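Each remark here refers to the structure printed beneath this line.
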Amino acid sequence: MSHATTSDTPSHTQPPSTNASPGASYSVTIRLRYTNRPGALGTIASAIGGAGGDIGAVDLVLATPDLSTRDITVNASSSTHADAIVATVRALETVELLEVEDRVFRMHHGGKISVVSKSPVVTRDDLSMAYTPGVARVCQAIHQDPDKAYTLTIKHNTVAVVSDGTAVLGLGDIGPAAAMPVMEGKAMLFKEFAGVDAFPICLDTKDVDEIVRTVVALAPTFGGINLEDISAPRCFEIEDRLKAALSIPVFHDDQHGTAVVLLAGLMNALKIVGKRMEDLKVVVNGVGAAGVACTKILLAAGVTRVVGCDTSGAIYRGRTVNMNGLKQWYADHTNPAGEQGSVKDVLAGADVFVGVSVPRAITVDDVKRMAVNPIVFAMANPTPEIMPEEAAGHVAVMATGRSDYPNQINNALCFPGIFRGALACRASTINEEMKLAAAHAIAGVVAPSELGPEYIIPSVFDRRVVDAVAQAVIRAARATGVARAS
């Protein structure tokens, strides 16, 4: 999903309330034993439904003439909601609650990834080829020709997912250990969607110099570096310095992944409303990592009127309050009319709202002041800048970063294919042309006959996406001279 990473967004130690529908993110499996009698299971199901739970699987564990033991899987909307559902079941007469298992924690138990050997080692010959003495000849070959590391080691298909845990999802600075489950999840997506091997590396330092030195030192192992959940503005310097120091792709997904998928969605949304990039007024709320990257890709795609807002309002030339080097760049390259005021002020007459900021940043009244057929990308997670239910009837196209609403702006549509393509052609970098090509490829997966207000972006489970993005990235890499393999 997309990340709302901004330098002006407060960090949270707990996710904010989402007012969400029940889903797998807060699902539990309840094992219970109850007296066999007509309607007993129906009574239990009714109680769970009355508590707002969404029942999934119901599995029989053991049955006797007098008693039944079943596992009932229930989706809730929050941890508190799950606890309330369990309490409701526990209070039922003739029902004995045996066990409650949080399905999310079960999935993460022991970690979500592992290293698997590609060749069996069951004989002396196997051992002598995989390890000593046979391996020495392979080492010598790479020593004589370092490029052979791409054919004789995992380097050709392996990405490091690097984080310092300072900007994790909606949780903020939770540290490297707590960030590991997210980085493991990222590695899973690389493998599942693109066949790319990825390994999570969480660094116990916030020092920019130390992070850069460490990643440079690790780089010989990997074919690419995916930076993840590093707070702004440090993430910009880290990425820039690593790109300058390394000859392998370095990609900060929180920035560029969000930007690529946003642009893909906007391309298709404009087909619905009949507007052109060059005619748009776009308001971007949140001028951090994702907000700046979204702005840059919109400018590259032809948008000329972008107004960015932070906690102090619109950014414009001459503003002196709450400024830094990053925001000065923003002031110099956007807001040609010099608009001032809050996000609510500058949203008047805007064609597109891009939110990478905080929950509930805008209201229905704000949306009503936008131009005809407005497009809203409210991507703060888990609670968007405006809920789709509130915006319904007032927007032409609505997108969020959430999987339980249509048009999810999910980075998983981007980074697997981008790295698949970059690794395949041994690209030395991931440049703007490759990102634009990826956005066009994602948008192109949605056929004209399929396009609609609730379908401007393909599903992350659409297996056509990775190949389309990879091929587009390879073509762009070759066209711009950064591909090193045919």
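Residue numbering restarts at 1 in every chain; chains get A, B, ... in the order shown in the structure tokens, and ligands count up from 1 in that same order.
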**OP:** Name the residues of segment 236-431 of chain A that fall into helix (DSSP H, G or I) according to DSSP on the backbone, using the chain letters and numbers of this document, as a PyMOL selection string.
**Re:** chain A and resi 236-245+253-273+277-279+289-300+325-333+343-346+364-368+388-391+411-413+415-424
Subject >> atom CA of Ile230 of chain A to atom CA of Met183 of chain A, straight-line distance in Å >> reply: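 These two atoms are separated by 11.9 Å.
Across A:Ala217, A:Ala477, A:Ala40, A:Val446, the tightest approach to Ala264 of chain A is made by A:Val446 when counting only C-alpha atoms.
Omitting Val95 of chain A and its sequence neighbours fewer than 6 positions away, and counting only C-alpha atoms, the residues within 12 Å are A:Ile30, A:Arg31, A:Leu32, A:Arg33, A:Tyr34, A:Thr35, A:Asn36, A:Arg37, A:Ala40, A:Leu41, A:Thr43, A:Ile44, A:Ala47, A:Leu67, A:Ser68, A:Thr69, A:Arg70, A:Val86, A:Ala87, A:Thr88, A:Val89.
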Subject >> Those of segment 119-289 of chain A in DSSP strand (DSSP E), formatted as a list in words >> reply: Thr158, Val159, Ala160, Val161, Val162, Ser163, Asp197, Ala198, Phe199, Pro200, Ile201, Cys202, Gly224, Ile225, Asn226, Leu227, Val250, Phe251, His252, Lys281, Val282, Val283, Val284 and Asn285 of chain A
Please produce a file of those selected residues containing C-alpha atoms, as an mmCIF file, in the first residue's frame.
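File again_25.cif, as written:
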data_model
loop_
_atom_site.group_PDB
_atom_site.id
_atom_site.type_symbol
_atom_site.label_atom_id
_atom_site.label_comp_id
_atom_site.auth_asym_id
_atom_site.auth_seq_id
_atom_site.Cartn_x
_atom_site.Cartn_y
_atom_site.Cartn_z
ATOM 1 C CA THR A 158 18.662 -10.392 -5.164
ATOM 2 C CA VAL A 159 17.541 -7.097 -3.634
ATOM 3 C CA ALA A 160 18.325 -5.679 -0.193
ATOM 4 C CA VAL A 161 15.322 -4.155 1.555
ATOM 5 C CA VAL A 162 17.001 -1.579 3.793
ATOM 6 C CA SER A 163 15.360 0.422 6.583
ATOM 7 C CA ASP A 197 14.833 -12.820 -3.941
ATOM 8 C CA ALA A 198 14.920 -10.057 -1.343
ATOM 9 C CA PHE A 199 16.342 -9.899 2.143
ATOM 10 C CA PRO A 200 15.364 -7.475 4.934
ATOM 11 C CA ILE A 201 18.192 -5.451 6.464
ATOM 12 C CA CYS A 202 17.188 -3.209 9.368
ATOM 13 C CA GLY A 224 19.643 -3.716 -6.239
ATOM 14 C CA ILE A 225 18.799 -1.717 -3.119
ATOM 15 C CA ASN A 226 15.216 -0.984 -2.058
ATOM 16 C CA LEU A 227 15.140 1.719 0.623
ATOM 17 C CA VAL A 250 18.772 2.226 -5.701
ATOM 18 C CA PHE A 251 15.053 2.879 -5.276
ATOM 19 C CA HIS A 252 13.266 4.470 -2.325
ATOM 20 C CA LYS A 281 -4.517 22.160 -11.105
ATOM 21 C CA VAL A 282 -3.234 19.616 -8.580
ATOM 22 C CA VAL A 283 -3.059 20.137 -4.818
ATOM 23 C CA VAL A 284 -0.623 17.882 -2.957
ATOM 24 C CA ASN A 285 -1.110 17.720 0.805
#
Original post:
Between A:Val182, A:Asp126, A:Pro406, A:Gly56, which has the minimum distance to Leu169 of chain A (counting only C-alpha atoms)?
Top reply: A:Val182
Subject >> Long-range neighbours of Asp462 of chain A as a list in words, 10 Å cut-off, only C-alpha atoms, 4 positions minimum in chain >> reply: Phe193, Leu413, Val445, Pro458 and Val466 of chain A
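Among the candidate residues A:Ala331, A:Val115, A:Glu101, A:Met370, the one lying nearest to Met188 of chain A is A:Val115, with distances computed using only C-alpha atoms.
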Original post:
If you measure from atom CA of Ala443 of chain A to atom CA of Thr304 of chain A, what distance in Å do you get, rounded to one decimal?
Top reply: 21.1 Å
Subject >> Test item: residues at most 8 Å from Gly223 of chain A, only C-alpha atoms, excluding those fewer than 3 positions along its chain, as a count of residues only >> reply: 12
**OP:** Give me the residues within 10 Å of Ala82 of chain A as a count of residues only, counting only C-alpha atoms and dropping any in the same chain fewer than 6 places off.
**Re:** 12
